[in-house]
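Pasting upload-v9.cif here (mmCIF, C-alpha atoms and all ligand atoms):
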```
data_run
#
loop_
_atom_site.group_PDB
_atom_site.id
_atom_site.type_symbol
_atom_site.label_atom_id
_atom_site.label_comp_id
_atom_site.auth_asym_id
_atom_site.auth_seq_id
_atom_site.Cartn_x
_atom_site.Cartn_y
_atom_site.Cartn_z
ATOM 1 C CA MET A 26 -14.770 1.609 -20.039
ATOM 2 C CA ALA A 27 -14.143 -1.472 -17.918
ATOM 3 C CA ALA A 28 -11.438 -1.202 -15.303
ATOM 4 C CA GLN A 29 -8.448 -3.395 -15.966
ATOM 5 C CA ILE A 30 -8.355 -6.301 -13.546
ATOM 6 C CA THR A 31 -4.988 -6.269 -11.837
ATOM 7 C CA ALA A 32 -5.542 -8.726 -9.032
ATOM 8 C CA GLU A 33 -7.804 -11.550 -8.006
ATOM 9 C CA PRO A 34 -9.211 -11.854 -4.492
ATOM 10 C CA VAL A 35 -7.721 -14.414 -2.120
ATOM 11 C CA THR A 36 -9.474 -13.246 1.033
ATOM 12 C CA ALA A 37 -11.718 -10.277 1.721
ATOM 13 C CA ARG A 38 -8.597 -8.194 2.194
ATOM 14 C CA THR A 39 -5.831 -9.874 0.235
ATOM 15 C CA PHE A 40 -5.473 -10.214 -3.509
ATOM 16 C CA LEU A 41 -2.996 -12.075 -5.662
ATOM 17 C CA ALA A 42 -1.201 -9.749 -8.053
ATOM 18 C CA MET A 43 -1.690 -10.721 -11.679
ATOM 19 C CA HIS A 44 1.143 -8.459 -12.810
ATOM 20 C CA SER A 45 4.252 -7.084 -11.171
ATOM 21 C CA GLY A 46 3.928 -3.567 -9.842
ATOM 22 C CA THR A 47 5.134 -1.105 -7.238
ATOM 23 C CA CYS A 48 3.968 -1.164 -3.642
ATOM 24 C CA SER A 49 2.358 2.153 -2.766
ATOM 25 C CA ILE A 50 3.557 1.934 0.836
ATOM 26 C CA CYS A 51 7.218 0.853 0.695
ATOM 27 C CA GLU A 52 7.642 1.729 -3.005
ATOM 28 C CA GLU A 53 9.451 -1.539 -3.705
ATOM 29 C CA ARG A 54 8.509 -3.724 -6.655
ATOM 30 C CA TYR A 55 6.364 -6.783 -6.181
ATOM 31 C CA ALA A 56 6.221 -9.727 -8.565
ATOM 32 C CA ALA A 57 3.136 -11.295 -10.090
ATOM 33 C CA GLU A 58 1.362 -13.667 -7.679
ATOM 34 C CA THR A 59 2.519 -11.669 -4.648
ATOM 35 C CA PRO A 60 -0.212 -11.230 -2.029
ATOM 36 C CA ILE A 61 -1.231 -7.584 -2.120
ATOM 37 C CA ILE A 62 -3.890 -5.377 -0.571
ATOM 38 C CA SER A 63 -5.807 -2.455 -1.961
ATOM 39 C CA THR A 64 -5.150 0.819 -0.160
ATOM 40 C CA PRO A 65 -6.384 4.370 -0.786
ATOM 41 C CA TYR A 66 -2.991 4.922 -2.442
ATOM 42 C CA GLY A 67 -3.052 1.839 -4.676
ATOM 43 C CA TRP A 68 -1.849 -1.733 -4.424
ATOM 44 C CA ALA A 69 0.582 -2.603 -1.637
ATOM 45 C CA HIS A 70 2.212 -5.684 -0.120
ATOM 46 C CA ASP A 71 -0.122 -7.369 2.359
ATOM 47 C CA VAL A 72 2.833 -7.455 4.781
ATOM 48 C CA CYS A 73 3.376 -3.709 4.639
ATOM 49 C CA PRO A 74 1.789 -1.722 7.475
ATOM 50 C CA GLU A 75 -1.450 -0.021 6.592
ATOM 51 C CA PRO A 76 -0.700 3.566 5.667
ATOM 52 C CA LYS A 77 -1.633 6.280 8.090
ATOM 53 C CA PRO A 78 -4.645 8.349 7.063
ATOM 54 C CA LEU A 79 -3.801 11.287 4.855
ATOM 55 C CA GLY A 80 -2.911 14.295 6.927
ATOM 56 C CA ALA A 81 -1.826 12.318 10.013
ATOM 57 C CA VAL A 82 0.603 14.410 11.984
ATOM 58 C CA CYS A 83 3.591 13.304 14.059
ATOM 59 C CA ALA A 84 3.088 13.864 17.772
ATOM 60 C CA GLY A 85 6.771 14.755 18.109
ATOM 61 C CA CYS A 86 7.365 17.417 15.484
ATOM 62 C CA PHE A 87 3.852 18.148 14.151
ATOM 63 C CA THR A 88 4.837 17.560 10.537
ATOM 64 C CA GLU A 89 2.782 15.337 8.265
ATOM 65 C CA ILE A 90 3.779 11.679 8.452
ATOM 66 C CA ALA A 91 4.883 9.877 5.281
ATOM 67 C CA LEU A 92 2.810 7.037 3.827
ATOM 68 C CA ASN A 93 5.061 4.424 5.440
ATOM 69 C CA GLY A 94 4.280 5.920 8.849
ATOM 70 C CA GLU A 95 7.839 7.001 9.516
ATOM 71 C CA CYS A 96 8.844 10.498 10.548
ATOM 72 C CA LEU A 97 12.285 11.966 10.036
ATOM 73 C CA CYS A 98 12.390 13.517 13.491
HETATM 74 ZN ZN ZN B 101 5.453 -2.840 0.326
HETATM 75 ZN ZN ZN B 102 8.135 13.793 13.755
#
```

Could you quickly redo this structure as structure tokens?
Amino acid sequence: MAAQITAEPVTARTFLAMHSGTCSICEERYAAETPIISTPYGWAHDVCPEPKPLGAVCAGCFTEIALNGECLC
């Protein structure tokens, strides 16, 4: 089964979205033709910060850090 093409490459890192979708980092919608990047969590805005590796822990409170890199402490 061929994977559905959802984006076309612009640079080695950035793709142009062919359909609207939801950013996996900030969880806001992006429109078709928005520059996006592929992350381990799915497509995300190319302007969103790269997500922290899974299991990254806050140095302040030692809880796991959310995908957007922010901690509630
Ligand atoms: Zn985003
Ligand atoms: Zn913290």

Explicit residues for the PyMOL selection byres (((chain A and resi 50) around 8) and not hetatm) (as an MDAnalysis selection string): chainID A and resid 48:49 51:52 66 69:70 73:76 92:93

Within 10 Å of A:Asp71 using only C-alpha atoms, minus same-chain residues under 4 positions, as a ChimeraX atom specification: /A:38-41,48,59-64,75

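The space between atom CA of A:Cys96 and atom ZN of ligand ZN 102 (chain B) spans 4.7 Å.
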
Separation of atom CA of A:Thr47 from atom ZN of ligand ZN 101 (chain B) in Å: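 Rounded to one decimal, the two atoms are 7.8 Å apart.
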
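Counting all atoms listed in the file, the residue from A:Glu33, A:Ser45, A:Gly94, A:Arg54 that sits nearest to A:Gly80 is A:Gly94.
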
Selection: 12 Å around A:Phe87, all atoms listed in the file, excl. self and same-chain fewer than 3 positions, as a VMD selection string: chain A and resid 80 to 84 90 96 to 98

d(atom CA of A:Val72, atom CA of A:Gly46) in Å: 15.2 Å

Shortest interatomic distance to ligand ZN 101 (chain B) - which of A:Tyr55, A:Ala32, A:Ala37, A:Met43, counting only C-alpha atoms and all ligand atoms: A:Tyr55

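Distance check against A:Trp68 using only C-alpha atoms: of A:Cys86, A:Ala91, A:Ala42, A:Val35, the minimum falls on A:Ala42.
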